[in-house]
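Note: the block below is entry-v1.tsv and it holds TSV, C-alpha atoms.
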```
chain	number	residue	atom	x	y	z
N	1	MET	CA	2.21	-8.03	-19.70
N	2	GLU	CA	-0.72	-8.00	-17.30
N	3	ASN	CA	-3.19	-10.82	-17.55
N	4	GLU	CA	-6.04	-10.48	-15.04
N	5	GLU	CA	-6.57	-14.25	-15.15
N	6	TYR	CA	-3.33	-14.64	-13.16
N	7	GLU	CA	-1.85	-13.00	-10.13
N	8	PHE	CA	0.89	-10.54	-11.01
N	9	TRP	CA	3.70	-12.84	-9.93
N	10	LEU	CA	2.57	-15.30	-12.62
N	11	SER	CA	2.38	-12.66	-15.34
N	12	GLY	CA	6.09	-12.32	-16.04
N	13	PRO	CA	8.66	-9.69	-15.19
N	14	ILE	CA	7.88	-6.00	-15.05
N	15	GLU	CA	10.07	-4.25	-17.57
N	16	GLY	CA	12.82	-2.13	-16.04
N	17	VAL	CA	12.39	-3.42	-12.48
N	18	PRO	CA	15.54	-5.13	-11.14
N	19	ASP	CA	15.20	-8.88	-10.71
N	20	LEU	CA	15.50	-8.73	-6.92
N	21	LEU	CA	12.64	-6.22	-6.73
N	22	GLN	CA	10.27	-8.15	-9.01
N	23	PRO	CA	8.52	-9.87	-6.04
N	24	ALA	CA	7.93	-6.54	-4.28
N	25	ALA	CA	6.66	-4.93	-7.49
N	26	HIS	CA	4.34	-7.88	-8.17
N	27	ALA	CA	2.96	-7.76	-4.61
N	28	LEU	CA	2.27	-4.02	-4.82
N	29	LEU	CA	0.51	-4.37	-8.17
N	30	GLN	CA	-1.53	-7.29	-6.79
N	31	SER	CA	-2.45	-5.16	-3.75
N	32	GLU	CA	-3.57	-2.34	-6.02
N	33	ARG	CA	-5.70	-4.68	-8.14
N	34	GLU	CA	-7.31	-6.28	-5.08
N	35	LEU	CA	-7.94	-2.97	-3.31
N	36	LYS	CA	-9.89	-1.79	-6.36
N	37	LYS	CA	-11.70	-5.12	-6.68
N	38	TYR	CA	-12.75	-5.38	-3.04
N	39	THR	CA	-13.83	-1.74	-2.75
N	40	ALA	CA	-15.64	-1.50	-6.09
N	41	ASP	CA	-19.14	-0.24	-5.34
N	42	PHE	CA	-18.32	-0.13	-1.62
N	43	PRO	CA	-20.77	2.25	0.09
N	44	LYS	CA	-19.20	5.52	1.18
N	45	GLU	CA	-21.36	5.43	4.33
N	46	LEU	CA	-19.45	2.34	5.54
N	47	LEU	CA	-15.97	3.66	4.78
N	48	TRP	CA	-15.21	4.49	8.42
N	49	ALA	CA	-17.36	1.81	10.06
N	50	LYS	CA	-15.59	-0.60	12.37
N	51	THR	CA	-16.63	-4.17	12.96
N	52	ALA	CA	-15.54	-6.48	15.76
N	53	GLY	CA	-13.29	-3.71	17.07
N	54	ARG	CA	-11.14	-3.80	13.93
N	55	ALA	CA	-9.94	-0.98	11.73
N	56	SER	CA	-12.22	0.56	9.12
N	57	VAL	CA	-11.94	0.10	5.37
N	58	GLY	CA	-11.02	3.79	5.10
N	59	PHE	CA	-8.16	3.29	7.55
N	60	HIS	CA	-6.76	0.33	5.60
N	61	MET	CA	-6.97	2.27	2.32
N	62	ASN	CA	-5.17	5.27	3.80
N	63	HIS	CA	-2.69	3.16	5.74
N	64	VAL	CA	-1.39	1.14	2.77
N	65	THR	CA	-0.77	4.41	0.94
N	66	GLY	CA	0.90	6.04	3.92
N	67	VAL	CA	3.17	3.11	4.76
N	68	LEU	CA	4.26	2.74	1.14
N	69	ASP	CA	5.06	6.45	1.02
N	70	ARG	CA	7.05	6.27	4.25
N	71	MET	CA	8.99	3.16	3.24
N	72	LEU	CA	9.97	4.79	-0.06
N	73	THR	CA	11.20	7.85	1.82
N	74	TYR	CA	13.32	5.75	4.17
N	75	ALA	CA	14.64	3.64	1.26
N	76	LYS	CA	15.87	6.86	-0.35
N	77	GLY	CA	17.73	7.65	2.88
N	78	GLU	CA	15.47	10.61	3.64
N	79	SER	CA	13.56	11.70	6.72
N	80	LEU	CA	9.80	12.01	6.85
N	81	SER	CA	8.32	15.43	6.09
N	82	ASP	CA	5.80	17.31	8.19
N	83	GLU	CA	3.20	16.42	5.54
N	84	GLN	CA	3.94	12.71	5.98
N	85	PHE	CA	3.61	12.97	9.77
N	86	THR	CA	0.27	14.74	9.33
N	87	PHE	CA	-0.93	12.01	6.97
N	88	LEU	CA	0.17	9.35	9.48
N	89	LYS	CA	-1.79	10.99	12.29
N	90	GLN	CA	-4.93	11.21	10.14
N	91	GLU	CA	-4.93	7.76	8.48
N	92	GLY	CA	-7.92	6.55	10.49
N	93	THR	CA	-9.72	9.84	10.87
N	94	PHE	CA	-13.36	9.88	9.82
N	95	LYS	CA	-13.86	12.30	6.93
N	96	LEU	CA	-17.45	12.64	5.77
N	97	ASN	CA	-16.54	13.85	2.28
N	98	THR	CA	-14.01	11.13	1.50
N	99	GLU	CA	-14.88	9.18	-1.63
N	100	VAL	CA	-13.85	5.55	-2.09
N	101	ILE	CA	-12.57	6.35	-5.59
N	102	HIS	CA	-10.26	9.02	-4.13
N	103	LEU	CA	-8.69	6.48	-1.77
N	104	GLN	CA	-8.33	3.97	-4.62
N	105	GLU	CA	-6.64	6.58	-6.82
N	106	GLN	CA	-4.39	7.69	-3.96
N	107	PHE	CA	-3.02	4.15	-3.55
N	108	SER	CA	-2.72	3.59	-7.30
N	109	ALA	CA	-0.65	6.75	-7.64
N	110	LYS	CA	1.66	5.65	-4.82
N	111	VAL	CA	2.09	2.17	-6.36
N	112	GLU	CA	2.93	3.79	-9.70
N	113	GLU	CA	5.49	6.00	-7.93
N	114	ALA	CA	6.97	2.96	-6.18
N	115	ILE	CA	7.34	0.97	-9.41
N	116	GLY	CA	8.97	4.01	-11.02
N	117	TYR	CA	11.37	4.24	-8.08
N	118	PHE	CA	12.17	0.51	-8.25
N	119	LYS	CA	13.31	1.06	-11.85
N	120	THR	CA	15.92	3.55	-10.62
N	121	VAL	CA	17.40	1.39	-7.85
N	122	PRO	CA	20.68	-0.30	-8.73
N	123	GLU	CA	20.66	-3.90	-7.47
N	124	ASN	CA	24.05	-3.38	-5.81
N	125	SER	CA	22.46	-0.74	-3.53
N	126	LEU	CA	19.75	-3.04	-2.13
N	127	THR	CA	21.84	-4.11	0.85
N	128	GLU	CA	22.79	-0.56	1.82
N	129	ASP	CA	21.98	0.33	5.41
N	130	ARG	CA	18.96	2.46	6.18
N	131	THR	CA	17.13	3.41	9.34
N	132	VAL	CA	13.46	3.67	10.23
N	133	GLY	CA	11.68	6.15	12.43
N	134	ARG	CA	12.74	8.37	15.27
N	135	LYS	CA	14.59	5.49	16.91
N	136	ASN	CA	16.63	4.95	13.75
N	137	LEU	CA	15.98	1.21	13.75
N	138	PRO	CA	18.33	-0.63	11.38
N	139	THR	CA	17.28	-2.09	8.05
N	140	THR	CA	18.34	-2.08	4.40
N	141	VAL	CA	16.93	-0.71	1.16
N	142	ILE	CA	15.58	-4.13	0.16
N	143	GLY	CA	14.21	-4.65	3.68
N	144	LEU	CA	12.18	-1.46	3.39
N	145	LEU	CA	10.89	-2.22	-0.10
N	146	PHE	CA	10.00	-5.80	0.80
N	147	HIS	CA	8.23	-4.61	3.95
N	148	ALA	CA	6.22	-2.06	1.95
N	149	ALA	CA	5.02	-4.85	-0.33
N	150	GLU	CA	4.24	-7.50	2.29
N	151	HIS	CA	2.62	-4.92	4.56
N	152	SER	CA	0.31	-3.88	1.73
N	153	GLN	CA	-0.66	-7.50	1.10
N	154	ARG	CA	-1.42	-8.03	4.79
N	155	HIS	CA	-3.69	-4.98	4.97
N	156	ILE	CA	-5.48	-5.90	1.75
N	157	GLY	CA	-6.37	-9.22	3.39
N	158	GLN	CA	-7.71	-7.39	6.42
N	159	LEU	CA	-9.59	-4.98	4.17
N	160	LEU	CA	-11.23	-7.91	2.33
N	161	VAL	CA	-12.51	-9.39	5.59
N	162	THR	CA	-13.84	-6.04	6.82
N	163	VAL	CA	-15.54	-5.30	3.49
N	164	SER	CA	-17.11	-8.77	3.48
N	165	ILE	CA	-18.48	-8.45	7.01
N	166	LEU	CA	-19.80	-4.92	6.53
N	167	GLN	CA	-21.49	-5.77	3.24
N	168	ALA	CA	-23.01	-8.95	4.70
N	169	ASP	CA	-24.47	-6.86	7.52
N	170	ILE	CA	-26.38	-4.66	5.03
N	171	SER	CA	-27.59	-7.51	2.82
```

File written out as structure tokens:
Amino acid sequence: MENEEYEFWLSGPIEGVPDLLQPAAHALLQSERELKKYTADFPKELLWAKTAGRASVGFHMNHVTGVLDRMLTYAKGESLSDEQFTFLKQEGTFKLNTEVIHLQEQFSAKVEEAIGYFKTVPENSLTEDRTVGRKNLPTTVIGLLFHAAEHSQRHIGQLLVTVSILQADIS
């Protein structure tokens, strides 16, 4: 049961998610919560602004969604689609009409999909071999799912700093 007073990892197990995937599920849910928190009331005009040569808030919001989508695809043993490659190429592209709420909802939907997928993964398949990218770099199912979660957490931290700096500049 979710209790906003605590981080997700302190809120108990997520029903139906295998024990070994609980940390990844908790990290993704925490990322989703923090993305919404840090971008609540964030001005659309600053979505693609860069500060100190770092990536924009819009990039981070797109990127966490895109990476999660790609890691799920690889975990399933599938190849990326043309649509996924297009999304990858456009993650940091300035789009005047992009709304912050759309990017929040996009990530929330992908986290929901991931948690649903986690519930279908037998624990005995977590060490199965998988490959990543055109170079077919070696990994495992659990390696991909863990990376998706820790990568999201890393980018949420970067997003928080960028949001803080940009909002301080307009205050």

Q | Which of N:His102, N:Lys37, N:Lys44, N:His26 sits closest to Ile156 in chain N [using all atoms listed in the file] | A | N:Lys37

**Q.** Polymer residues at most 10 Å from Val67 in chain N, only C-alpha atoms, same-chain spacing of 3 or more positions, as a PyMOL selection string
**A.** chain N and resi 62-64+70-73+84+88+147-149+151-152

Q. Between CA of Glu105 in chain N and CA of Gln167 in chain N, what is the distance, to one decimal in Å?
A.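 Interatomic distance, CA of Glu105 in chain N to CA of Gln167 in chain N: 21.8 Å.
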
Q) Nearest to Glu112 in chain N among N:Glu99, N:Leu28, N:Leu46, N:Thr127, with distances taken over all atoms listed in the file: which residue is it? A) N:Leu28

Q) Given the choices N:Pro18, N:Glu5, N:Glu150, N:Leu68, which gets closest to Ala109 in chain N if the distance is worked out from only C-alpha atoms? A)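 Selected residue with least distance to Ala109 in chain N: N:Leu68.
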
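Of the residues under consideration (N:Leu137, N:Glu45, N:Gln30, N:Gly143), N:Glu45 shows the shortest atom-to-atom contact distance to Ile170 in chain N when counting only C-alpha atoms.
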
Q: Go through N:Gly16, N:Ser31, N:Lys50, N:Tyr117 and flag the residue nearest Asp169 in chain N, using only C-alpha atoms for the distances.
A: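 Residue with the minimum atom-to-atom distance to Asp169 in chain N: N:Lys50.
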
Q) For the atom pair CA of Thr93 in chain N and CA of Gly53 in chain N, what is the interatomic distance in Å to one decimal place? A) 15.3 Å

Q | Straight-line distance linking CA of Val111 in chain N with CA of Val57 in chain N, stated in Å to one decimal | A |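 Interatomic distance here is 18.4 Å.
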
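You can rank N:Lys89, N:Arg130, N:Lys110, N:Lys119 by their closest distance to Lys76 in chain N using only C-alpha atoms, and at the top of that list sits N:Arg130.
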
**Q.** Exercise: Ala52 in chain N partners within 12 Å, all atoms listed in the file, chain neighbours under 6 positions left out, as a list in words
**A.**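 The filter keeps Val161, Thr162, Ile165 and Leu166 of chain N.
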
Please determine an axis-aligned box that encloses all atoms of range 36-43 of chain N listed in the file, with 6 Å added on each side, and express its centre and edge lengths in Å to one decimal as AutoDock Vina command-line options.
```
--center_x -15.3 --center_y -1.6 --center_z -3.3 --size_x 22.9 --size_y 19.6 --size_z 18.8
```

Q: Quick one: everything within 9 Å of Ala75 in chain N, counting only C-alpha atoms, minus sequence neighbours fewer than 6 positions away in the same chain. Send it as a list in words.
A: Arg130, Thr131, Thr140, Val141, Ile142, Gly143, Leu144 and Leu145 of chain N

Where atoms are absent from range 12-46 of chain N, fill them in so it carries N, CA and C atoms, then output it as an mmCIF file, in the coordinates of the input.
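Once everything was written out, this is out16.cif:
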```
data_model
loop_
_atom_site.group_PDB
_atom_site.id
_atom_site.type_symbol
_atom_site.label_atom_id
_atom_site.label_comp_id
_atom_site.auth_asym_id
_atom_site.auth_seq_id
_atom_site.Cartn_x
_atom_site.Cartn_y
_atom_site.Cartn_z
ATOM 1 N N GLY N 12 4.796 -12.669 -15.455
ATOM 2 C CA GLY N 12 6.090 -12.320 -16.040
ATOM 3 C C GLY N 12 6.699 -11.088 -15.413
ATOM 4 N N PRO N 13 7.939 -10.812 -15.789
ATOM 5 C CA PRO N 13 8.660 -9.690 -15.190
ATOM 6 C C PRO N 13 8.094 -8.336 -15.624
ATOM 7 N N ILE N 14 8.279 -7.376 -14.760
ATOM 8 C CA ILE N 14 7.880 -6.000 -15.050
ATOM 9 C C ILE N 14 9.101 -5.303 -15.635
ATOM 10 N N GLU N 15 8.957 -4.840 -16.846
ATOM 11 C CA GLU N 15 10.070 -4.250 -17.570
ATOM 12 C C GLU N 15 10.724 -3.119 -16.770
ATOM 13 N N GLY N 16 12.044 -3.187 -16.677
ATOM 14 C CA GLY N 16 12.820 -2.130 -16.040
ATOM 15 C C GLY N 16 13.001 -2.294 -14.546
ATOM 16 N N VAL N 17 12.260 -3.198 -13.916
ATOM 17 C CA VAL N 17 12.390 -3.420 -12.480
ATOM 18 C C VAL N 17 13.496 -4.461 -12.265
ATOM 19 N N PRO N 18 14.471 -4.157 -11.399
ATOM 20 C CA PRO N 18 15.540 -5.130 -11.140
ATOM 21 C C PRO N 18 14.974 -6.476 -10.674
ATOM 22 N N ASP N 19 15.669 -7.539 -11.037
ATOM 23 C CA ASP N 19 15.200 -8.880 -10.710
ATOM 24 C C ASP N 19 14.873 -9.054 -9.228
ATOM 25 N N LEU N 20 15.718 -8.546 -8.354
ATOM 26 C CA LEU N 20 15.500 -8.730 -6.920
ATOM 27 C C LEU N 20 14.302 -7.951 -6.385
ATOM 28 N N LEU N 21 13.813 -6.988 -7.148
ATOM 29 C CA LEU N 21 12.640 -6.220 -6.730
ATOM 30 C C LEU N 21 11.357 -6.667 -7.420
ATOM 31 N N GLN N 22 11.467 -7.646 -8.323
ATOM 32 C CA GLN N 22 10.270 -8.150 -9.010
ATOM 33 C C GLN N 22 9.208 -8.633 -8.016
ATOM 34 N N PRO N 23 9.559 -9.424 -6.976
ATOM 35 C CA PRO N 23 8.520 -9.870 -6.040
ATOM 36 C C PRO N 23 7.807 -8.714 -5.342
ATOM 37 N N ALA N 24 8.545 -7.699 -4.947
ATOM 38 C CA ALA N 24 7.930 -6.540 -4.280
ATOM 39 C C ALA N 24 7.022 -5.792 -5.260
ATOM 40 N N ALA N 25 7.477 -5.623 -6.488
ATOM 41 C CA ALA N 25 6.660 -4.930 -7.490
ATOM 42 C C ALA N 25 5.388 -5.721 -7.778
ATOM 43 N N HIS N 26 5.514 -7.039 -7.925
ATOM 44 C CA HIS N 26 4.340 -7.880 -8.170
ATOM 45 C C HIS N 26 3.348 -7.784 -7.010
ATOM 46 N N ALA N 27 3.842 -7.819 -5.781
ATOM 47 C CA ALA N 27 2.960 -7.760 -4.610
ATOM 48 C C ALA N 27 2.235 -6.416 -4.541
ATOM 49 N N LEU N 28 2.928 -5.334 -4.849
ATOM 50 C CA LEU N 28 2.270 -4.020 -4.820
ATOM 51 C C LEU N 28 1.199 -3.916 -5.905
ATOM 52 N N LEU N 29 1.505 -4.401 -7.098
ATOM 53 C CA LEU N 29 0.510 -4.370 -8.170
ATOM 54 C C LEU N 29 -0.686 -5.254 -7.840
ATOM 55 N N GLN N 30 -0.435 -6.411 -7.215
ATOM 56 C CA GLN N 30 -1.530 -7.290 -6.790
ATOM 57 C C GLN N 30 -2.370 -6.599 -5.721
ATOM 58 N N SER N 31 -1.720 -5.906 -4.794
ATOM 59 C CA SER N 31 -2.450 -5.160 -3.750
ATOM 60 C C SER N 31 -3.335 -4.093 -4.375
ATOM 61 N N GLU N 32 -2.789 -3.389 -5.353
ATOM 62 C CA GLU N 32 -3.570 -2.340 -6.020
ATOM 63 C C GLU N 32 -4.794 -2.943 -6.706
ATOM 64 N N ARG N 33 -4.592 -4.029 -7.439
ATOM 65 C CA ARG N 33 -5.700 -4.680 -8.140
ATOM 66 C C ARG N 33 -6.785 -5.127 -7.146
ATOM 67 N N GLU N 34 -6.357 -5.754 -6.045
ATOM 68 C CA GLU N 34 -7.310 -6.280 -5.080
ATOM 69 C C GLU N 34 -8.009 -5.164 -4.306
ATOM 70 N N LEU N 35 -7.298 -4.100 -3.984
ATOM 71 C CA LEU N 35 -7.940 -2.970 -3.310
ATOM 72 C C LEU N 35 -9.087 -2.434 -4.164
ATOM 73 N N LYS N 36 -8.838 -2.267 -5.449
ATOM 74 C CA LYS N 36 -9.890 -1.790 -6.360
ATOM 75 C C LYS N 36 -11.035 -2.794 -6.455
ATOM 76 N N LYS N 37 -10.688 -4.069 -6.550
ATOM 77 C CA LYS N 37 -11.700 -5.120 -6.680
ATOM 78 C C LYS N 37 -12.593 -5.169 -5.441
ATOM 79 N N TYR N 38 -11.991 -5.197 -4.274
ATOM 80 C CA TYR N 38 -12.750 -5.380 -3.040
ATOM 81 C C TYR N 38 -13.539 -4.137 -2.628
ATOM 82 N N THR N 39 -13.116 -2.970 -3.130
ATOM 83 C CA THR N 39 -13.830 -1.740 -2.750
ATOM 84 C C THR N 39 -14.682 -1.185 -3.895
ATOM 85 N N ALA N 40 -14.757 -1.932 -5.001
ATOM 86 C CA ALA N 40 -15.640 -1.500 -6.090
ATOM 87 C C ALA N 40 -17.068 -1.477 -5.566
ATOM 88 N N ASP N 41 -17.755 -0.401 -5.794
ATOM 89 C CA ASP N 41 -19.140 -0.240 -5.340
ATOM 90 C C ASP N 41 -19.304 -0.325 -3.825
ATOM 91 N N PHE N 42 -18.215 -0.116 -3.083
ATOM 92 C CA PHE N 42 -18.320 -0.130 -1.620
ATOM 93 C C PHE N 42 -19.008 1.158 -1.174
ATOM 94 N N PRO N 43 -20.017 1.055 -0.302
ATOM 95 C CA PRO N 43 -20.770 2.250 0.090
ATOM 96 C C PRO N 43 -19.938 3.223 0.932
ATOM 97 N N LYS N 44 -19.930 4.453 0.493
ATOM 98 C CA LYS N 44 -19.200 5.520 1.180
ATOM 99 C C LYS N 44 -19.594 5.605 2.655
ATOM 100 N N GLU N 45 -20.858 5.318 2.958
ATOM 101 C CA GLU N 45 -21.360 5.430 4.330
ATOM 102 C C GLU N 45 -20.684 4.426 5.265
ATOM 103 N N LEU N 46 -20.102 3.355 4.711
ATOM 104 C CA LEU N 46 -19.450 2.340 5.540
ATOM 105 C C LEU N 46 -17.932 2.495 5.588
#
```
